[in-house]
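Here is the structure we will look at.
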Amino acid sequence: MKPESVSLHPLGTAAAPEPELLCIFGTGDLGRSLGLRLLQSGYRVVYGSRRPHSCGPLPQGAQVMSHAAAARSASLIFICVHREHYDFLETMAPHLEGKVLVDLSNNLKKDMYPEANAAYLQRLVPGAAVVKGLNTLSAWALQNGLLAGKQVYLCGNSAGAKQAVAEMATKLGLTVLDRGSLSAARELEDFPLQLFQEWRLPLRVAIGITAFFFFYLLIRDVIYAYVEQGKDISFRIMVSLANKVFPIVSLIMLSLCYLPGVIAAFLQLYRGTKYRRFPDWLDRWMLCRKQMGLVALGFAFLHAIYTFIIPIRYSVRHKLISLMKDNKTTPFYFDNTEAWATDSFYVLGILGFFFYVLLGLTSLPSVGGSLSWREFSFIQSKLGHLTLSICTAHGYIYGWNKFLKPSTYKWYTPPAFMLCLIVPSVVLVLKALLLLPCVDRTLTRIRQGWERTHPREEMGESKVTNL
Ligand SMILES: NC(=O)C1=CN([C@@H]2O[C@H](COP(=O)(O)OP(=O)(O)OC[C@H]3O[C@@H](n4cnc5c(N)ncnc54)[C@H](OP(=O)(O)O)[C@@H]3O)[C@@H](O)[C@H]2O)C=CC1
Ligand SMILES: [Fe+3]
């Protein structure tokens, strides 16, 4: 029997379609990095350049031609040229008829031009479908392949054109978010200009608290010793003073993460509804809680590291050795209470830091994303308040025997650690009030949509409707 004929070609090779050809105008930083990434994702790339023969090194495998020739060969064109040079595209308009143009341009500052770059491009080339997007990427991220899961925005008037760009972006590993029509282009162009937007408030608060406590401690510790005792202990600025400032800032910042939640709860209780907007300042505060927490964690890290180096400092070693040499060791009786206090102080510090790190880890998108909403809110709220309680207790135990000593109040001022306990204590007391069964029940009902209507408001409203 004759055997059945078998194809000697590997499966599907003969039928494999040629990879799609994409065009890039501009052989600058962005053009080159984007081309490289597209080639690595399996596309073919053709560059359109003013100087096809002298445009410098391009990614291996890419072709380079004049703008017109490159535009003819592809249906999707990335415009990697600064807006200032877009005018050449007007003369190119006949070659760009029916093409999808991706505008990746950014400006140096907001409102530089009366219209968005993408709208300007659409006006220059009315026959093309302009899509604004990918402009939040950087040439550096493209070059180094740091794209996985990164969110990019698109907008444009043609659904088909947006679909084509979205498919390409997904293939690069990006997550695409459609922001609607081309009228959103200005908003998209403003995104890259927002420099660390969510970090500004937390950083400003952290710098403010750090500066205040640094000078407060400088006056109380260093200047006081110089003026009252004639001692120069300015070297303490480097470690002792810094290691007092860091935990203080950390604890205050941590409590500032939980204070807006507590204020919001009281506001909801007072208003008897959750359907009224919070004041703007509270909204803004709530939105930067994660950043506040991370700044707090940073300062806690510094405190932990600084604490480790204390025993190896020159001044500490000097003090110990001179005590031993002079044989001036004062009788050192064992005090059980003191032992309990110091051990508890260290243990609370360690536990507090451990929960702090746990909180920080759950704020990472990769970890937080794997948790359900209940798990996430349990960790951020219950574990958060537990961390705050432990760290506050750490602070109280630090000063347990100092509160009543007159020598603590140099120049009639309270020590810094006492001041820093005010905000966390207030937060914890308010939180404890919210946990009272009667308050908690009402708050839970409000959060489930129940509303306490004010008879006066009702009357007012009915009066208005009667008029
Ligand atoms: N660099 C980045 O990380 C990012 C840049 N962008 C945006 O991408 C665009 C390009 O940026 P970038 O690549 O950094 O800039 P470059 O200055 O590195 O490159 C711009 C390219 O535009 C072309 N070009 C310059 N002048 C003209 C002209 N008169 N007419 C026609 N083409 C011209 C040139 O290519 P040729 O000589 O081949 O014609 C040049 O290489 C900008 O709008 C920028 O805002 C957006 C996101 C990130
Ligand atoms: Fe501490």
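Please note that chains go A, B, ... in the order of the structure tokens, that every chain numbers its residues from 1, and that ligands are numbered from 1 in the order shown.
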List every residue of stretch 202-362 of chain A that DSSP, applied to the backbone, labels as helix (DSSP H, G or I), and write the result as an NGL selection string.
:A and (202-229 or 234-237 or 242-271 or 280-287 or 289-312 or 314-326 or 336-362)
Generate the output file for the selected residues, C-alpha atoms, as a short mmCIF file (atom, residue, chain, number, x, y, z; two decimals), in the first residue's frame.
```
data_model
loop_
_atom_site.label_atom_id
_atom_site.label_comp_id
_atom_site.auth_asym_id
_atom_site.auth_seq_id
_atom_site.Cartn_x
_atom_site.Cartn_y
_atom_site.Cartn_z
CA PRO A 202 3.16 63.59 52.36
CA LEU A 203 6.69 64.75 51.62
CA ARG A 204 5.89 68.34 52.55
CA VAL A 205 4.30 67.23 55.81
CA ALA A 206 7.28 64.96 56.55
CA ILE A 207 9.78 67.75 55.83
CA GLY A 208 7.76 70.18 57.98
CA ILE A 209 7.59 67.81 60.98
CA THR A 210 11.27 66.85 60.58
CA ALA A 211 12.38 70.49 60.52
CA PHE A 212 10.22 71.42 63.52
CA PHE A 213 11.44 68.55 65.69
CA PHE A 214 15.05 68.91 64.58
CA PHE A 215 15.20 72.52 65.76
CA TYR A 216 13.13 71.76 68.86
CA LEU A 217 15.57 69.00 69.86
CA LEU A 218 18.57 71.10 68.89
CA ILE A 219 17.46 73.81 71.30
CA ARG A 220 16.48 71.45 74.12
CA ASP A 221 19.42 69.04 73.89
CA VAL A 222 22.43 70.77 72.39
CA ILE A 223 21.91 74.50 72.97
CA TYR A 224 20.51 73.95 76.48
CA ALA A 225 23.60 71.91 77.48
CA TYR A 226 25.87 74.62 76.07
CA VAL A 227 24.09 77.55 77.72
CA GLU A 228 23.21 76.00 81.08
CA GLN A 229 26.12 73.59 81.61
CA SER A 234 27.01 69.18 69.24
CA PHE A 235 28.32 65.81 67.95
CA ARG A 236 25.00 64.36 69.11
CA ILE A 237 23.30 65.99 66.14
CA ALA A 242 18.64 62.20 64.27
CA ASN A 243 17.55 59.00 65.97
CA LYS A 244 15.06 60.98 68.03
CA VAL A 245 13.68 62.83 65.02
CA PHE A 246 13.16 59.70 62.86
CA PRO A 247 10.85 57.76 65.21
CA ILE A 248 8.95 60.94 66.03
CA VAL A 249 8.29 61.73 62.37
CA SER A 250 7.49 58.09 61.69
CA LEU A 251 4.92 57.85 64.47
CA ILE A 252 3.24 61.14 63.60
CA MET A 253 3.10 60.25 59.89
CA LEU A 254 1.63 56.82 60.73
CA SER A 255 -1.06 58.42 62.87
CA LEU A 256 -1.75 60.94 60.11
CA CYS A 257 -2.58 57.93 57.87
CA TYR A 258 -5.36 56.91 60.21
CA LEU A 259 -6.58 60.34 61.36
CA PRO A 260 -8.53 61.19 58.15
CA GLY A 261 -10.40 57.85 58.34
CA VAL A 262 -11.45 58.64 61.89
CA ILE A 263 -12.45 62.22 60.98
CA ALA A 264 -14.45 60.86 58.03
CA ALA A 265 -16.26 58.42 60.32
CA PHE A 266 -17.23 61.18 62.76
CA LEU A 267 -18.36 63.35 59.85
CA GLN A 268 -20.58 60.54 58.59
CA LEU A 269 -22.00 60.05 62.08
CA TYR A 270 -22.67 63.78 62.42
CA ARG A 271 -24.28 64.06 59.00
CA ASP A 280 -11.82 68.73 49.52
CA TRP A 281 -9.02 68.84 52.09
CA LEU A 282 -10.22 65.56 53.60
CA ASP A 283 -10.52 63.93 50.18
CA ARG A 284 -6.98 64.97 49.29
CA TRP A 285 -5.70 63.77 52.63
CA MET A 286 -7.41 60.38 52.25
CA LEU A 287 -5.97 59.95 48.76
CA ARG A 289 -2.59 57.89 52.91
CA LYS A 290 -0.59 55.18 51.16
CA GLN A 291 2.26 57.58 50.45
CA MET A 292 2.12 58.89 54.03
CA GLY A 293 2.39 55.31 55.28
CA LEU A 294 5.38 54.60 53.06
CA VAL A 295 7.14 57.78 54.19
CA ALA A 296 6.43 56.70 57.78
CA LEU A 297 7.89 53.27 57.01
CA GLY A 298 11.00 54.90 55.55
CA PHE A 299 11.58 56.86 58.76
CA ALA A 300 10.94 53.71 60.84
CA PHE A 301 13.64 51.94 58.81
CA LEU A 302 16.07 54.76 59.51
CA HIS A 303 15.24 54.56 63.23
CA ALA A 304 15.88 50.79 63.24
CA ILE A 305 19.22 51.10 61.45
CA TYR A 306 20.37 54.03 63.60
CA THR A 307 19.50 52.09 66.75
CA PHE A 308 21.87 49.31 65.70
CA ILE A 309 24.88 51.59 65.50
CA ILE A 310 24.45 53.17 68.93
CA PRO A 311 26.70 50.70 70.84
CA ILE A 312 29.59 51.06 68.39
CA TYR A 314 32.97 56.45 69.74
CA SER A 315 31.24 58.51 72.44
CA VAL A 316 29.54 55.44 73.93
CA ARG A 317 32.75 53.37 73.91
CA HIS A 318 34.65 56.30 75.42
CA LYS A 319 32.15 56.65 78.24
CA LEU A 320 32.26 52.92 79.06
CA ILE A 321 36.06 52.68 78.99
CA SER A 322 36.56 55.78 81.14
CA LEU A 323 34.06 54.43 83.67
CA MET A 324 35.98 51.15 83.84
CA LYS A 325 39.38 52.88 84.12
CA ASP A 326 38.28 55.19 86.90
CA ASN A 336 12.60 44.39 88.29
CA THR A 337 10.32 47.19 87.10
CA GLU A 338 13.12 48.76 85.09
CA ALA A 339 13.88 45.35 83.53
CA TRP A 340 10.24 44.92 82.57
CA ALA A 341 10.11 48.42 81.14
CA THR A 342 13.25 48.11 79.01
CA ASP A 343 12.34 44.65 77.73
CA SER A 344 8.81 45.74 76.88
CA PHE A 345 10.20 48.85 75.21
CA TYR A 346 12.45 46.79 72.91
CA VAL A 347 9.83 44.12 72.21
CA LEU A 348 7.21 46.72 71.31
CA GLY A 349 9.75 48.41 69.04
CA ILE A 350 10.52 45.15 67.25
CA LEU A 351 6.87 44.11 66.94
CA GLY A 352 5.85 47.58 65.82
CA PHE A 353 8.52 47.55 63.13
CA PHE A 354 7.51 44.04 62.02
CA PHE A 355 3.85 45.06 61.55
CA TYR A 356 4.99 48.28 59.89
CA VAL A 357 6.89 46.27 57.27
CA LEU A 358 3.90 43.95 56.82
CA LEU A 359 1.68 46.96 56.18
CA GLY A 360 4.20 48.33 53.70
CA LEU A 361 4.34 45.00 51.86
CA THR A 362 0.57 44.82 51.46
#
```
Would you list the residues that come within 8 Å of ligand 1? Count only C-alpha atoms and all ligand atoms and give the answer as a PDB file with N, CA and C atoms, in the first residue's frame.
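That gives us pocket_37.pdb:
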```pdb
ATOM      1  N   PHE A  25       7.952  57.699  12.636  1.00  0.00           N
ATOM      2  CA  PHE A  25       8.537  58.949  12.117  1.00  0.00           C
ATOM      3  C   PHE A  25       9.454  59.508  13.204  1.00  0.00           C
ATOM      4  N   GLY A  26      10.695  59.715  12.897  1.00  0.00           N
ATOM      5  CA  GLY A  26      11.641  60.276  13.875  1.00  0.00           C
ATOM      6  C   GLY A  26      12.567  59.203  14.395  1.00  0.00           C
ATOM      7  N   THR A  27      13.868  59.469  14.262  1.00  0.00           N
ATOM      8  CA  THR A  27      14.840  58.454  14.695  1.00  0.00           C
ATOM      9  C   THR A  27      15.564  58.914  15.961  1.00  0.00           C
ATOM     10  N   GLY A  28      14.849  59.702  16.777  1.00  0.00           N
ATOM     11  CA  GLY A  28      15.451  60.200  18.023  1.00  0.00           C
ATOM     12  C   GLY A  28      15.372  59.154  19.128  1.00  0.00           C
ATOM     13  N   ASP A  29      15.487  59.628  20.378  1.00  0.00           N
ATOM     14  CA  ASP A  29      15.519  58.726  21.544  1.00  0.00           C
ATOM     15  C   ASP A  29      14.292  57.820  21.606  1.00  0.00           C
ATOM     16  N   LEU A  30      13.111  58.463  21.528  1.00  0.00           N
ATOM     17  CA  LEU A  30      11.880  57.677  21.668  1.00  0.00           C
ATOM     18  C   LEU A  30      11.692  56.752  20.473  1.00  0.00           C
ATOM     19  N   GLY A  31      11.938  57.268  19.264  1.00  0.00           N
ATOM     20  CA  GLY A  31      11.768  56.462  18.054  1.00  0.00           C
ATOM     21  C   GLY A  31      12.614  55.203  18.103  1.00  0.00           C
ATOM     22  N   ARG A  32      13.863  55.346  18.494  1.00  0.00           N
ATOM     23  CA  ARG A  32      14.778  54.195  18.525  1.00  0.00           C
ATOM     24  C   ARG A  32      14.345  53.172  19.583  1.00  0.00           C
ATOM     25  N   TYR A  47      11.439  53.073   9.559  1.00  0.00           N
ATOM     26  CA  TYR A  47      11.533  54.454  10.040  1.00  0.00           C
ATOM     27  C   TYR A  47      11.337  55.431   8.890  1.00  0.00           C
ATOM     28  N   GLY A  48      10.665  56.525   9.168  1.00  0.00           N
ATOM     29  CA  GLY A  48      10.589  57.646   8.234  1.00  0.00           C
ATOM     30  C   GLY A  48      11.467  58.734   8.798  1.00  0.00           C
ATOM     31  N   SER A  49      12.468  59.178   7.999  1.00  0.00           N
ATOM     32  CA  SER A  49      13.420  60.152   8.534  1.00  0.00           C
ATOM     33  C   SER A  49      13.719  61.234   7.497  1.00  0.00           C
ATOM     34  N   ARG A  50      14.152  62.402   7.979  1.00  0.00           N
ATOM     35  CA  ARG A  50      14.569  63.460   7.049  1.00  0.00           C
ATOM     36  C   ARG A  50      15.869  63.061   6.380  1.00  0.00           C
ATOM     37  N   ARG A  51      16.673  62.281   7.087  1.00  0.00           N
ATOM     38  CA  ARG A  51      17.990  61.908   6.557  1.00  0.00           C
ATOM     39  C   ARG A  51      18.139  60.396   6.631  1.00  0.00           C
ATOM     40  N   PRO A  52      17.472  59.659   5.722  1.00  0.00           N
ATOM     41  CA  PRO A  52      17.490  58.192   5.830  1.00  0.00           C
ATOM     42  C   PRO A  52      18.884  57.589   5.754  1.00  0.00           C
ATOM     43  N   CYS A  55      21.132  58.845   9.626  1.00  0.00           N
ATOM     44  CA  CYS A  55      20.367  59.112  10.854  1.00  0.00           C
ATOM     45  C   CYS A  55      20.935  58.400  12.082  1.00  0.00           C
ATOM     46  N   ILE A  79       4.270  58.921  15.632  1.00  0.00           N
ATOM     47  CA  ILE A  79       4.917  60.214  15.400  1.00  0.00           C
ATOM     48  C   ILE A  79       5.836  60.493  16.599  1.00  0.00           C
ATOM     49  N   CYS A  80       7.111  60.197  16.431  1.00  0.00           N
ATOM     50  CA  CYS A  80       8.085  60.430  17.516  1.00  0.00           C
ATOM     51  C   CYS A  80       8.914  61.665  17.191  1.00  0.00           C
ATOM     52  N   VAL A  81       8.211  62.758  16.989  1.00  0.00           N
ATOM     53  CA  VAL A  81       8.822  64.038  16.615  1.00  0.00           C
ATOM     54  C   VAL A  81       8.235  65.080  17.558  1.00  0.00           C
ATOM     55  N   HIS A  82       8.996  66.110  17.894  1.00  0.00           N
ATOM     56  CA  HIS A  82       8.452  67.160  18.772  1.00  0.00           C
ATOM     57  C   HIS A  82       7.376  67.959  18.035  1.00  0.00           C
ATOM     58  N   ARG A  83       6.395  68.424  18.789  1.00  0.00           N
ATOM     59  CA  ARG A  83       5.283  69.143  18.177  1.00  0.00           C
ATOM     60  C   ARG A  83       5.749  70.343  17.354  1.00  0.00           C
ATOM     61  N   GLU A  84       6.817  70.990  17.776  1.00  0.00           N
ATOM     62  CA  GLU A  84       7.323  72.173  17.076  1.00  0.00           C
ATOM     63  C   GLU A  84       7.613  71.869  15.607  1.00  0.00           C
ATOM     64  N   HIS A  85       7.863  70.591  15.282  1.00  0.00           N
ATOM     65  CA  HIS A  85       8.242  70.236  13.900  1.00  0.00           C
ATOM     66  C   HIS A  85       7.116  69.551  13.137  1.00  0.00           C
ATOM     67  N   TYR A  86       5.898  69.600  13.692  1.00  0.00           N
ATOM     68  CA  TYR A  86       4.784  68.894  13.043  1.00  0.00           C
ATOM     69  C   TYR A  86       4.421  69.460  11.665  1.00  0.00           C
ATOM     70  N   ASP A  87       4.803  70.732  11.390  1.00  0.00           N
ATOM     71  CA  ASP A  87       4.324  71.360  10.143  1.00  0.00           C
ATOM     72  C   ASP A  87       4.676  70.550   8.889  1.00  0.00           C
ATOM     73  N   PHE A  88       5.770  69.770   8.918  1.00  0.00           N
ATOM     74  CA  PHE A  88       6.122  68.986   7.730  1.00  0.00           C
ATOM     75  C   PHE A  88       5.053  67.929   7.427  1.00  0.00           C
ATOM     76  N   LEU A 104       2.604  60.655  20.285  1.00  0.00           N
ATOM     77  CA  LEU A 104       3.217  60.337  21.588  1.00  0.00           C
ATOM     78  C   LEU A 104       3.816  61.572  22.254  1.00  0.00           C
ATOM     79  N   SER A 105       3.557  62.730  21.661  1.00  0.00           N
ATOM     80  CA  SER A 105       4.306  63.912  22.098  1.00  0.00           C
ATOM     81  C   SER A 105       3.887  64.425  23.475  1.00  0.00           C
ATOM     82  N   ASN A 106       4.815  65.055  24.126  1.00  0.00           N
ATOM     83  CA  ASN A 106       4.569  65.737  25.398  1.00  0.00           C
ATOM     84  C   ASN A 106       5.064  67.166  25.292  1.00  0.00           C
ATOM     85  N   ASN A 107       4.571  68.006  26.199  1.00  0.00           N
ATOM     86  CA  ASN A 107       5.056  69.391  26.224  1.00  0.00           C
ATOM     87  C   ASN A 107       5.902  69.625  27.459  1.00  0.00           C
ATOM     88  N   LEU A 108       6.595  70.750  27.460  1.00  0.00           N
ATOM     89  CA  LEU A 108       7.464  71.045  28.601  1.00  0.00           C
ATOM     90  C   LEU A 108       6.681  71.568  29.790  1.00  0.00           C
ATOM     91  N   LEU A 134       0.308  56.500  24.838  1.00  0.00           N
ATOM     92  CA  LEU A 134       1.628  55.945  25.152  1.00  0.00           C
ATOM     93  C   LEU A 134       2.622  57.020  25.579  1.00  0.00           C
ATOM     94  N   ASN A 135       2.137  58.268  25.730  1.00  0.00           N
ATOM     95  CA  ASN A 135       3.071  59.363  26.022  1.00  0.00           C
ATOM     96  C   ASN A 135       3.569  59.357  27.457  1.00  0.00           C
ATOM     97  N   THR A 136       2.983  58.490  28.302  1.00  0.00           N
ATOM     98  CA  THR A 136       3.497  58.422  29.673  1.00  0.00           C
ATOM     99  C   THR A 136       4.692  57.473  29.768  1.00  0.00           C
ATOM    100  N   LEU A 137       4.983  56.751  28.669  1.00  0.00           N
ATOM    101  CA  LEU A 137       6.168  55.875  28.672  1.00  0.00           C
ATOM    102  C   LEU A 137       7.414  56.739  28.502  1.00  0.00           C
ATOM    103  N   SER A 138       8.539  56.191  28.926  1.00  0.00           N
ATOM    104  CA  SER A 138       9.775  56.928  28.666  1.00  0.00           C
ATOM    105  C   SER A 138      10.650  56.075  27.757  1.00  0.00           C
ATOM    106  N   ALA A 139      11.535  56.751  27.025  1.00  0.00           N
ATOM    107  CA  ALA A 139      12.450  56.041  26.126  1.00  0.00           C
ATOM    108  C   ALA A 139      13.264  55.036  26.943  1.00  0.00           C
ATOM    109  N   TRP A 140      13.589  55.429  28.172  1.00  0.00           N
ATOM    110  CA  TRP A 140      14.421  54.596  29.042  1.00  0.00           C
ATOM    111  C   TRP A 140      13.700  53.299  29.391  1.00  0.00           C
TER     112      TRP A 140
END
```
Near-A:Val176 list (7 Å; only C-alpha atoms; drop same-chain fewer than 3 positions) as a PyMOL selection string:
chain A and resi 151-153+166+170
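Separating atom CA of A:Arg186 from atom CA of A:Gly98 is a distance of 23.4 Å.
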I'd like the neighbourhood of A:Met418 as a PDB file with C-alpha atoms, in the first residue's frame, where a residue qualifies if any of its atoms comes within 9 Å (using only C-alpha atoms), though same-chain residues fewer than 3 positions away should be ignored.
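Wrote it out as selection21.pdb, contents follow:
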```pdb
ATOM      1  CA  GLY A 395       6.787  55.733  72.898  1.00  0.00           C
ATOM      2  CA  TYR A 396       4.891  55.774  76.218  1.00  0.00           C
ATOM      3  CA  GLY A 399       9.073  57.993  78.782  1.00  0.00           C
ATOM      4  CA  PHE A 403       6.778  62.233  82.698  1.00  0.00           C
ATOM      5  CA  PRO A 414       8.024  69.258  77.256  1.00  0.00           C
ATOM      6  CA  PRO A 415      10.356  66.717  75.660  1.00  0.00           C
ATOM      7  CA  LEU A 421       2.535  61.165  71.369  1.00  0.00           C
ATOM      8  CA  ILE A 422      -0.299  63.707  71.122  1.00  0.00           C
TER       9      ILE A 422
END
```
Hey, what does DSSP flag as strand (DSSP E) within stretch 30-194 of chain A? Can you give it to me as a PyMOL selection string?
chain A and resi 44-48+63-65+76-79+100-103+129-133+151-156+175-178
Take the residues that were just selected and, keeping C-alpha atoms, output them as a compact mmCIF listing (two decimals), in the first residue's frame.
```txt
# COMPACT_ATOMS: atom_id res chain seq x y z
CA ARG A 44 8.72 44.68 11.48
CA VAL A 45 9.70 48.33 11.72
CA VAL A 46 10.30 50.99 9.10
CA TYR A 47 11.53 54.45 10.04
CA GLY A 48 10.59 57.65 8.23
CA GLN A 63 14.56 49.72 7.70
CA VAL A 64 14.82 53.45 7.15
CA MET A 65 13.36 55.49 4.28
CA LEU A 76 0.05 52.52 11.62
CA ILE A 77 2.53 55.36 12.12
CA PHE A 78 4.05 56.53 15.39
CA ILE A 79 4.92 60.21 15.40
CA VAL A 100 -3.58 55.62 11.96
CA LEU A 101 -1.26 58.24 13.47
CA VAL A 102 -0.18 57.72 17.07
CA ASP A 103 0.74 60.99 18.75
CA ALA A 129 -7.20 58.80 12.34
CA VAL A 130 -5.17 60.32 15.18
CA VAL A 131 -4.79 58.38 18.42
CA LYS A 132 -3.19 60.07 21.41
CA GLY A 133 -1.40 57.76 23.76
CA GLN A 151 -0.76 51.28 32.45
CA VAL A 152 -1.02 53.51 29.39
CA TYR A 153 -3.85 55.72 28.22
CA LEU A 154 -5.33 56.11 24.76
CA CYS A 155 -7.86 58.47 23.28
CA GLY A 156 -9.10 59.12 19.76
CA THR A 175 -2.23 47.56 30.11
CA VAL A 176 -4.38 49.91 28.06
CA LEU A 177 -7.02 52.27 29.36
CA ASP A 178 -9.32 53.99 26.86
```
To one decimal place, how far is atom CA of A:Asp440 from atom CA of A:Leu386 in Å?
17.9 Å
